[in-house]
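Asks: File work.pdb follows (PDB, C-alpha atoms):
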ATOM      1  CA  MET A1427      63.970 -69.005  53.883
ATOM      2  CA  CYS A1428      63.199 -70.755  50.651
ATOM      3  CA  GLU A1429      65.418 -72.248  47.981
ATOM      4  CA  SER A1430      63.402 -70.990  45.023
ATOM      5  CA  LYS A1431      60.991 -68.167  44.320
ATOM      6  CA  SER A1432      58.004 -68.714  46.568
ATOM      7  CA  ALA A1433      54.930 -66.555  46.870
ATOM      8  CA  LEU A1434      52.198 -66.530  49.473
ATOM      9  CA  LEU A1435      48.670 -65.190  49.093
ATOM     10  CA  VAL A1436      46.897 -64.460  52.363
ATOM     11  CA  ILE A1437      43.111 -64.271  52.337
ATOM     12  CA  GLY A1438      40.699 -63.516  55.139
ATOM     13  CA  CYS A1439      36.944 -63.811  55.312
ATOM     14  CA  PRO A1440      35.510 -63.775  51.785
ATOM     15  CA  GLU A1441      32.889 -61.024  52.247
ATOM     16  CA  VAL A1442      33.753 -59.152  49.074
ATOM     17  CA  PRO A1443      33.099 -60.979  45.791
ATOM     18  CA  VAL A1444      36.178 -59.772  43.899
ATOM     19  CA  GLN A1445      38.547 -61.438  46.360
ATOM     20  CA  MET A1446      38.093 -65.023  45.208
ATOM     21  CA  SER A1447      38.375 -64.151  41.519
ATOM     22  CA  MET A1448      41.501 -62.065  42.080
ATOM     23  CA  VAL A1449      43.146 -64.779  44.193
ATOM     24  CA  ILE A1450      42.668 -67.298  41.379
ATOM     25  CA  TYR A1451      43.808 -64.793  38.778
ATOM     26  CA  LEU A1452      46.939 -63.770  40.707
ATOM     27  CA  THR A1453      47.840 -67.362  41.595
ATOM     28  CA  HIS A1454      47.645 -68.294  37.929
ATOM     29  CA  LYS A1455      49.666 -65.247  36.894
ATOM     30  CA  LEU A1456      52.394 -65.903  39.463
ATOM     31  CA  LYS A1457      52.637 -69.571  38.507
ATOM     32  CA  ARG A1458      53.025 -68.659  34.870
ATOM     33  CA  SER A1459      55.893 -66.377  35.899
ATOM     34  CA  GLY A1460      57.635 -69.315  37.584
ATOM     35  CA  TRP A1461      56.614 -68.724  41.197
ATOM     36  CA  ASP A1462      55.782 -71.509  43.600
ATOM     37  CA  VAL A1463      52.456 -70.290  45.006
ATOM     38  CA  THR A1464      50.751 -71.082  48.306
ATOM     39  CA  VAL A1465      47.361 -69.689  49.313
ATOM     40  CA  ALA A1466      46.678 -69.381  53.025
ATOM     41  CA  GLY A1467      43.137 -68.658  54.113
ATOM     42  CA  THR A1468      40.531 -68.916  56.793
ATOM     43  CA  ASN A1469      38.251 -71.934  56.727
ATOM     44  CA  ALA A1470      35.452 -70.175  54.784
ATOM     45  CA  ALA A1471      37.918 -68.724  52.275
ATOM     46  CA  THR A1472      39.651 -72.016  51.486
ATOM     47  CA  LYS A1473      36.279 -73.815  51.195
ATOM     48  CA  LEU A1474      35.064 -71.210  48.719
ATOM     49  CA  LEU A1475      38.308 -71.479  46.757
ATOM     50  CA  LYS A1476      38.011 -75.264  46.501
ATOM     51  CA  VAL A1477      34.475 -74.961  45.113
ATOM     52  CA  ALA A1478      35.586 -72.255  42.661
ATOM     53  CA  ASP A1479      38.412 -74.453  41.350
ATOM     54  CA  PRO A1480      36.968 -77.978  41.642
ATOM     55  CA  GLU A1481      39.701 -79.679  39.589
ATOM     56  CA  GLY A1482      42.542 -77.667  41.136
ATOM     57  CA  HIS A1483      43.599 -76.191  37.791
ATOM     58  CA  TYR A1484      44.649 -72.892  39.347
ATOM     59  CA  VAL A1485      45.368 -73.377  43.030
ATOM     60  CA  GLN A1486      47.386 -76.406  44.067
ATOM     61  CA  LYS A1487      48.727 -75.419  47.469
ATOM     62  CA  MET A1488      46.173 -74.313  49.996
ATOM     63  CA  VAL A1489      46.875 -74.122  53.725
ATOM     64  CA  ASP A1490      45.152 -73.037  56.899
ATOM     65  CA  LEU A1491      46.100 -69.458  57.704
ATOM     66  CA  ASP A1492      46.459 -69.791  61.460
ATOM     67  CA  LYS A1493      48.575 -72.926  61.116
ATOM     68  CA  LEU A1494      50.790 -71.181  58.561
ATOM     69  CA  ILE A1495      51.299 -68.170  60.833
ATOM     70  CA  ALA A1496      52.471 -70.559  63.560
ATOM     71  CA  ASP A1497      54.869 -72.241  61.106
ATOM     72  CA  VAL A1498      56.339 -68.910  59.961
ATOM     73  CA  VAL A1499      56.770 -67.761  63.575
ATOM     74  CA  GLU A1500      58.607 -71.019  64.313
ATOM     75  CA  LYS A1501      60.730 -70.443  61.183
ATOM     76  CA  LYS A1502      59.663 -73.751  59.639
ATOM     77  CA  ILE A1503      58.714 -71.947  56.445
ATOM     78  CA  ASP A1504      58.951 -68.530  54.817
ATOM     79  CA  PHE A1505      58.295 -66.917  51.444
ATOM     80  CA  ASP A1506      59.961 -64.447  49.093
ATOM     81  CA  LEU A1507      56.781 -62.595  48.273
ATOM     82  CA  CYS A1508      53.528 -62.143  50.168
ATOM     83  CA  PHE A1509      50.268 -60.670  48.898
ATOM     84  CA  ALA A1510      47.903 -59.968  51.789
ATOM     85  CA  PHE A1511      44.324 -59.396  50.612
ATOM     86  CA  MET A1512      42.347 -57.045  52.839
ATOM     87  CA  HIS A1513      39.002 -55.312  52.891
ATOM     88  CA  SER A1514      38.471 -55.076  56.660
ATOM     89  CA  ASP A1515      40.303 -54.688  59.951
ATOM     90  CA  ALA A1516      40.767 -58.455  60.140
ATOM     91  CA  GLY A1517      42.642 -58.424  56.830
ATOM     92  CA  MET A1518      44.723 -55.467  58.010
ATOM     93  CA  THR A1519      45.761 -57.476  61.031
ATOM     94  CA  TYR A1520      46.897 -60.406  58.896
ATOM     95  CA  GLY A1521      48.960 -57.984  56.795
ATOM     96  CA  ALA A1522      50.576 -56.524  59.909
ATOM     97  CA  THR A1523      51.266 -60.039  61.181
ATOM     98  CA  PHE A1524      53.131 -61.092  58.037
ATOM     99  CA  SER A1525      54.985 -57.786  58.010
ATOM    100  CA  ALA A1526      56.233 -58.638  61.512
ATOM    101  CA  ILE A1527      56.973 -62.358  61.207
ATOM    102  CA  SER A1528      58.022 -62.924  57.588
ATOM    103  CA  LYS A1529      61.006 -61.822  55.528
ATOM    104  CA  ALA A1530      58.816 -61.761  52.387
ATOM    105  CA  LYS A1531      58.406 -58.604  50.359
ATOM    106  CA  LEU A1532      54.882 -57.611  51.315
ATOM    107  CA  TYR A1533      52.129 -56.325  49.053
ATOM    108  CA  ALA A1534      48.946 -55.079  50.722
ATOM    109  CA  VAL A1535      46.099 -55.706  48.275
ATOM    110  CA  VAL A1536      43.340 -53.432  49.560
ATOM    111  CA  PHE A1537      39.848 -53.514  48.048
ATOM    112  CA  GLY A1538      36.170 -53.126  48.960
ATOM    113  CA  LYS A1539      34.120 -50.009  49.603
ATOM    114  CA  ASN A1540      36.538 -48.503  52.143
ATOM    115  CA  ALA A1541      39.719 -49.373  50.275
ATOM    116  CA  GLU A1542      41.183 -45.875  50.270
ATOM    117  CA  ALA A1543      40.756 -45.173  53.994
ATOM    118  CA  LEU A1544      41.946 -48.689  54.782
ATOM    119  CA  GLY A1545      44.977 -48.271  52.520
ATOM    120  CA  GLU A1546      45.959 -44.990  54.179
ATOM    121  CA  SER A1547      45.832 -46.578  57.614
ATOM    122  CA  ILE A1548      48.512 -49.163  56.759
ATOM    123  CA  ASP A1549      51.514 -48.184  58.867
ATOM    124  CA  TYR A1550      53.743 -51.202  58.343
ATOM    125  CA  PRO A1551      56.209 -51.598  55.458
ATOM    126  CA  ALA A1552      54.223 -52.792  52.452
ATOM    127  CA  GLU A1553      53.735 -51.916  48.827
ATOM    128  CA  LYS A1554      50.106 -50.900  48.573
ATOM    129  CA  ILE A1555      47.770 -51.976  45.758
ATOM    130  CA  VAL A1556      44.546 -50.106  46.469
ATOM    131  CA  ALA A1557      41.321 -50.167  44.435
ATOM    132  CA  VAL A1558      37.728 -49.439  45.370
ATOM    133  CA  ALA A1559      36.392 -52.701  43.948
ATOM    134  CA  THR A1560      33.617 -54.922  45.248
ATOM    135  CA  HIS A1561      31.885 -56.682  42.321
ATOM    136  CA  ASN A1562      33.824 -55.465  39.308
ATOM    137  CA  PRO A1563      37.350 -56.890  39.304
ATOM    138  CA  ALA A1564      38.697 -54.525  36.624
ATOM    139  CA  PRO A1565      40.101 -51.737  38.872
ATOM    140  CA  LEU A1566      41.988 -54.187  41.077
ATOM    141  CA  LYS A1567      43.087 -56.387  38.177
ATOM    142  CA  SER A1568      44.631 -53.458  36.302
ATOM    143  CA  LYS A1569      46.653 -52.453  39.396
ATOM    144  CA  ILE A1570      47.796 -56.013  40.058
ATOM    145  CA  ASP A1571      48.827 -56.314  36.403
ATOM    146  CA  LYS A1572      51.230 -53.404  36.931
ATOM    147  CA  VAL A1573      53.197 -55.245  39.616
ATOM    148  CA  ALA A1574      56.467 -56.571  38.206
ATOM    149  CA  LEU A1575      56.670 -60.274  38.998
TER     150      LEU A1575
ATOM    151  CA  MET B 173      14.272 -76.430  21.385
ATOM    152  CA  CYS B 174      17.728 -77.887  21.315
ATOM    153  CA  GLU B 175      19.098 -81.020  19.704
ATOM    154  CA  SER B 176      21.067 -82.212  22.719
ATOM    155  CA  LYS B 177      20.968 -81.680  26.462
ATOM    156  CA  SER B 178      21.635 -78.013  27.023
ATOM    157  CA  ALA B 179      21.772 -76.193  30.329
ATOM    158  CA  LEU B 180      21.737 -72.503  31.101
ATOM    159  CA  LEU B 181      22.998 -70.809  34.244
ATOM    160  CA  VAL B 182      21.627 -67.316  34.817
ATOM    161  CA  ILE B 183      23.560 -65.012  37.130
ATOM    162  CA  GLY B 184      22.780 -61.487  38.236
ATOM    163  CA  CYS B 185      24.883 -58.950  40.099
ATOM    164  CA  PRO B 186      27.634 -60.769  42.014
ATOM    165  CA  GLU B 187      27.037 -59.222  45.452
ATOM    166  CA  VAL B 188      27.215 -62.470  47.367
ATOM    167  CA  PRO B 189      30.575 -64.283  47.342
ATOM    168  CA  VAL B 190      29.238 -67.837  47.089
ATOM    169  CA  GLN B 191      27.608 -67.159  43.710
ATOM    170  CA  MET B 192      30.751 -67.193  41.582
ATOM    171  CA  SER B 193      32.158 -70.324  43.215
ATOM    172  CA  MET B 194      28.872 -72.171  42.870
ATOM    173  CA  VAL B 195      28.488 -71.167  39.209
ATOM    174  CA  ILE B 196      31.912 -72.601  38.404
ATOM    175  CA  TYR B 197      31.211 -75.700  40.464
ATOM    176  CA  LEU B 198      27.807 -76.356  38.880
ATOM    177  CA  THR B 199      29.062 -75.660  35.348
ATOM    178  CA  HIS B 200      31.838 -78.189  35.873
ATOM    179  CA  LYS B 201      29.446 -80.743  37.369
ATOM    180  CA  LEU B 202      26.926 -80.379  34.524
ATOM    181  CA  LYS B 203      29.642 -80.668  31.866
ATOM    182  CA  ARG B 204      30.945 -83.846  33.463
ATOM    183  CA  SER B 205      27.380 -85.217  33.264
ATOM    184  CA  GLY B 206      27.319 -84.528  29.524
ATOM    185  CA  TRP B 207      25.446 -81.234  29.443
ATOM    186  CA  ASP B 208      26.264 -78.418  27.055
ATOM    187  CA  VAL B 209      26.485 -75.470  29.452
ATOM    188  CA  THR B 210      26.014 -71.759  28.804
ATOM    189  CA  VAL B 211      26.400 -69.094  31.494
ATOM    190  CA  ALA B 212      24.446 -65.860  30.990
ATOM    191  CA  GLY B 213      25.273 -62.950  33.226
ATOM    192  CA  THR B 214      25.301 -59.230  33.718
ATOM    193  CA  ASN B 215      28.435 -57.375  32.715
ATOM    194  CA  ALA B 216      29.934 -57.390  36.246
ATOM    195  CA  ALA B 217      29.140 -61.079  36.708
ATOM    196  CA  THR B 218      30.728 -62.236  33.455
ATOM    197  CA  LYS B 219      33.818 -60.076  34.082
ATOM    198  CA  LEU B 220      34.249 -61.628  37.499
ATOM    199  CA  LEU B 221      33.811 -65.105  36.070
ATOM    200  CA  LYS B 222      36.478 -64.501  33.420
ATOM    201  CA  VAL B 223      38.959 -63.397  36.082
ATOM    202  CA  ALA B 224      38.069 -66.403  38.254
ATOM    203  CA  ASP B 225      38.691 -68.824  35.370
ATOM    204  CA  PRO B 226      41.494 -67.138  33.411
ATOM    205  CA  GLU B 227      42.261 -70.128  31.179
ATOM    206  CA  GLY B 228      38.599 -71.044  30.631
ATOM    207  CA  HIS B 229      39.009 -74.499  32.173
ATOM    208  CA  TYR B 230      35.515 -74.492  33.621
ATOM    209  CA  VAL B 231      33.325 -72.040  31.709
ATOM    210  CA  GLN B 232      33.555 -72.025  27.928
ATOM    211  CA  LYS B 233      30.273 -70.427  26.876
ATOM    212  CA  MET B 234      29.520 -67.081  28.419
ATOM    213  CA  VAL B 235      26.911 -64.697  27.031
ATOM    214  CA  ASP B 236      25.338 -61.374  27.885
ATOM    215  CA  LEU B 237      22.149 -61.943  29.850
ATOM    216  CA  ASP B 238      20.022 -59.233  28.233
ATOM    217  CA  LYS B 239      21.048 -60.330  24.743
ATOM    218  CA  LEU B 240      20.229 -63.937  25.586
ATOM    219  CA  ILE B 241      16.784 -62.999  26.910
ATOM    220  CA  ALA B 242      16.084 -61.269  23.589
ATOM    221  CA  ASP B 243      17.266 -64.370  21.689
ATOM    222  CA  VAL B 244      15.057 -66.690  23.742
ATOM    223  CA  VAL B 245      12.050 -64.392  23.270
ATOM    224  CA  GLU B 246      12.690 -64.455  19.515
ATOM    225  CA  LYS B 247      12.974 -68.269  19.698
ATOM    226  CA  LYS B 248      16.499 -68.241  18.264
ATOM    227  CA  ILE B 249      17.678 -70.394  21.154
ATOM    228  CA  ASP B 250      16.335 -72.318  24.116
ATOM    229  CA  PHE B 251      17.591 -74.751  26.743
ATOM    230  CA  ASP B 252      16.487 -77.981  28.399
ATOM    231  CA  LEU B 253      17.507 -76.917  31.878
ATOM    232  CA  CYS B 254      17.893 -73.507  33.492
ATOM    233  CA  PHE B 255      19.423 -72.678  36.856
ATOM    234  CA  ALA B 256      18.607 -69.101  37.852
ATOM    235  CA  PHE B 257      20.833 -67.855  40.679
ATOM    236  CA  MET B 258      19.151 -65.299  42.925
ATOM    237  CA  HIS B 259      19.827 -63.470  46.143
ATOM    238  CA  SER B 260      17.821 -60.297  45.493
ATOM    239  CA  ASP B 261      14.721 -58.974  43.759
ATOM    240  CA  ALA B 262      16.715 -58.512  40.546
ATOM    241  CA  GLY B 263      17.598 -62.205  40.517
ATOM    242  CA  MET B 264      13.963 -63.094  41.234
ATOM    243  CA  THR B 265      12.925 -61.112  38.179
ATOM    244  CA  TYR B 266      15.376 -62.977  35.944
ATOM    245  CA  GLY B 267      13.963 -66.263  37.254
ATOM    246  CA  ALA B 268      10.408 -65.137  36.495
ATOM    247  CA  THR B 269      11.517 -64.017  33.042
ATOM    248  CA  PHE B 270      12.968 -67.416  32.120
ATOM    249  CA  SER B 271       9.924 -69.140  33.605
ATOM    250  CA  ALA B 272       7.792 -67.118  31.182
ATOM    251  CA  ILE B 273       9.902 -67.201  28.011
ATOM    252  CA  SER B 274      11.759 -70.530  28.087
ATOM    253  CA  LYS B 275      10.632 -74.138  27.882
ATOM    254  CA  ALA B 276      13.562 -75.187  30.100
ATOM    255  CA  LYS B 277      12.971 -76.977  33.364
ATOM    256  CA  LEU B 278      13.678 -74.207  35.849
ATOM    257  CA  TYR B 279      15.635 -74.418  39.068
ATOM    258  CA  ALA B 280      15.614 -71.362  41.320
ATOM    259  CA  VAL B 281      18.926 -71.335  43.206
ATOM    260  CA  VAL B 282      18.227 -69.004  46.125
ATOM    261  CA  PHE B 283      21.012 -67.971  48.505
ATOM    262  CA  GLY B 284      22.218 -65.033  50.602
ATOM    263  CA  LYS B 285      20.995 -63.777  53.973
ATOM    264  CA  ASN B 286      17.327 -63.584  52.983
ATOM    265  CA  ALA B 287      17.238 -66.860  51.069
ATOM    266  CA  GLU B 288      14.278 -68.342  52.919
ATOM    267  CA  ALA B 289      11.924 -65.356  52.563
ATOM    268  CA  LEU B 290      13.043 -64.927  48.961
ATOM    269  CA  GLY B 291      12.463 -68.617  48.231
ATOM    270  CA  GLU B 292       8.948 -68.493  49.686
ATOM    271  CA  SER B 293       8.034 -65.525  47.505
ATOM    272  CA  ILE B 294       8.712 -67.428  44.251
ATOM    273  CA  ASP B 295       5.287 -67.864  42.684
ATOM    274  CA  TYR B 296       6.281 -69.167  39.242
ATOM    275  CA  PRO B 297       6.851 -72.835  38.420
ATOM    276  CA  ALA B 298      10.385 -73.698  39.542
ATOM    277  CA  GLU B 299      12.153 -76.304  41.584
ATOM    278  CA  LYS B 300      13.611 -74.386  44.515
ATOM    279  CA  ILE B 301      17.119 -74.907  45.855
ATOM    280  CA  VAL B 302      17.274 -72.657  48.911
ATOM    281  CA  ALA B 303      20.203 -72.190  51.310
ATOM    282  CA  VAL B 304      21.124 -69.350  53.644
ATOM    283  CA  ALA B 305      24.674 -69.064  52.345
ATOM    284  CA  THR B 306      26.813 -65.979  51.828
ATOM    285  CA  HIS B 307      30.516 -66.869  52.369
ATOM    286  CA  ASN B 308      30.413 -70.574  53.112
ATOM    287  CA  PRO B 309      29.437 -72.532  50.007
ATOM    288  CA  ALA B 310      28.761 -75.817  51.883
ATOM    289  CA  PRO B 311      24.981 -75.424  52.514
ATOM    290  CA  LEU B 312      24.262 -74.522  48.887
ATOM    291  CA  LYS B 313      26.695 -77.072  47.485
ATOM    292  CA  SER B 314      25.109 -79.942  49.401
ATOM    293  CA  LYS B 315      21.653 -78.995  48.076
ATOM    294  CA  ILE B 316      22.901 -78.640  44.501
ATOM    295  CA  ASP B 317      24.613 -82.021  44.817
ATOM    296  CA  LYS B 318      21.202 -83.595  45.502
ATOM    297  CA  VAL B 319      19.777 -82.462  42.156
ATOM    298  CA  ALA B 320      19.643 -85.371  39.721
ATOM    299  CA  LEU B 321      21.401 -84.278  36.527
TER     300      LEU B 321
END
Just give me the structure as C-alpha cells.
Replies:
Amino acid sequence: MCESKSALLVIGCPEVPVQMSMVIYLTHKLKRSGWDVTVAGTNAATKLLKVADPEGHYVQKMVDLDKLIADVVEKKIDFDLCFAFMHSDAGMTYGATFSAISKAKLYAVVFGKNAEALGESIDYPAEKIVAVATHNPAPLKSKIDKVAL
Amino acid sequence: MCESKSALLVIGCPEVPVQMSMVIYLTHKLKRSGWDVTVAGTNAATKLLKVADPEGHYVQKMVDLDKLIADVVEKKIDFDLCFAFMHSDAGMTYGATFSAISKAKLYAVVFGKNAEALGESIDYPAEKIVAVATHNPAPLKSKIDKVAL
C-alpha cells in the first residue's frame, strides 16, 4: 500500500484516438488535485504518449504495464485509485486483472464504438464510466469530470 | 505573405491515433526551431487537441480549418510552410486545397494503413512524408525528424 494518494492509469493498445487525449487530460486533472499519478501502458501506448507530451509537462511517471502487473502481484507496489481504459477485450482483461490483484478503487473507463455492450459485460467490482466516444472526446470528458477526485 | 517564418499544420478527422501525437510533437519541434506555428483542424480534431494539451504547453494557435481556408483564399493570411496531415481522401483534398490556394512550401504527411497507395496518388506539388503508421508513432516520427526545418 502507499503512503500518500496514488493513482494509476492503465492503457492498452491505442486503437481509439480519444484514449491518448483523455489519459493526458485525466493525468493533469489528478495531479492538480494532489494525486501522485503513474501511467502504465503497452509499448505502443507509452511510445505514443511520449510523442504527445515531448517535454513531459503532463505525464511524468510512465511504466511498462506487464512489469507493473508483476510488481503489484508481488506486492512491491499498489495504488489507491486505478483508472483502467478499455475499448476492447484486451482492455477488459487488464481491468479484471487490476480488480483481482490491486486494492485500488477501480474505475473502468469504457469508450469506443462498442462502449455500452462492453460496459455491461464488466462483471468485476468497478465504477463504470461509459461513453460511446471515438474521435470526439466530449462525451467521455464530461463523464470523467463528474468523478469526485 | 508573412513577415516572419510561419508554419501551418492542417489536420482532418482524427481517426488514426498517431495523428494527434505527431501534431503535438511537430508543433513543439517547429516552435523550438523558431517557427510561428498555427494548427488548423476540423471541429473534432481541435477538440481532441485541446484535451490532449489542457494547459496549452505545446499548441497555442488553433483555428477552424474551413475558416482558415476562406482567409487564405481571400489573401488575409498565408504561411511559409504547410504540413497537411492525411490518412484518407478527405485529408488528400485538404492537401490539394492548400497546394492550390497557398504559397507555402507544402509537405504531405501521409500515414495510416493505406499510406503508400495514398502517397502515390498525390498529384499536386508537395514533398511527401509517407509512413504506414496507425498506433506506433516511430515510423512517422523518424521521417518527420529528417525534414530540415
Asks: For a quick test of understanding: name the residues of chain A lying within 6 Å of chain B when counting all atoms listed in the file, and present them as a PyMOL selection string.
Replies: chain A and resi 1440+1443+1447+1450-1451+1470+1474+1477-1478+1561-1563
Asks: Taking the file as I've supplied it (selection: the PyMOL selection byres ((chain A and resi 1553-1559) around 12)), which residues are included? Please answer as a ChimeraX atom specification.
Replies: /A:1442-1445,1447-1448,1507-1513,1518,1521,1525,1530-1552,1560-1574 /B:187,216,220
Asks: At what distance in Å, to one decimal, does CA of Gly184 in chain B lie from CA of Ser1514 in chain A?
Replies: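 Value for the CA of Ser1514 in chain A-CA of Gly184 in chain B distance: 25.0 Å.
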Asks: Just give me the residues with any atom within 12 Å of (51.4, -79.4, 48.1), file coordinates, counting all atoms listed in the file, written as a PyMOL selection string.
Replies: chain A and resi 1462-1465+1482+1485-1489
Asks: Store the residues picked out above, limited to C-alpha atoms, as a compact mmCIF listing (two decimals), in the frame of the given file.
Replies:
# COMPACT_ATOMS: atom_id res chain seq x y z
CA ASP A 1462 55.78 -71.51 43.60
CA VAL A 1463 52.46 -70.29 45.01
CA THR A 1464 50.75 -71.08 48.31
CA VAL A 1465 47.36 -69.69 49.31
CA GLY A 1482 42.54 -77.67 41.14
CA VAL A 1485 45.37 -73.38 43.03
CA GLN A 1486 47.39 -76.41 44.07
CA LYS A 1487 48.73 -75.42 47.47
CA MET A 1488 46.17 -74.31 50.00
CA VAL A 1489 46.88 -74.12 53.72
Asks: Separation of CA of Arg1458 in chain A and CA of Lys1431 in chain A, in Å?
Replies: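 CA of Arg1458 in chain A sits 12.4 Å away from CA of Lys1431 in chain A.
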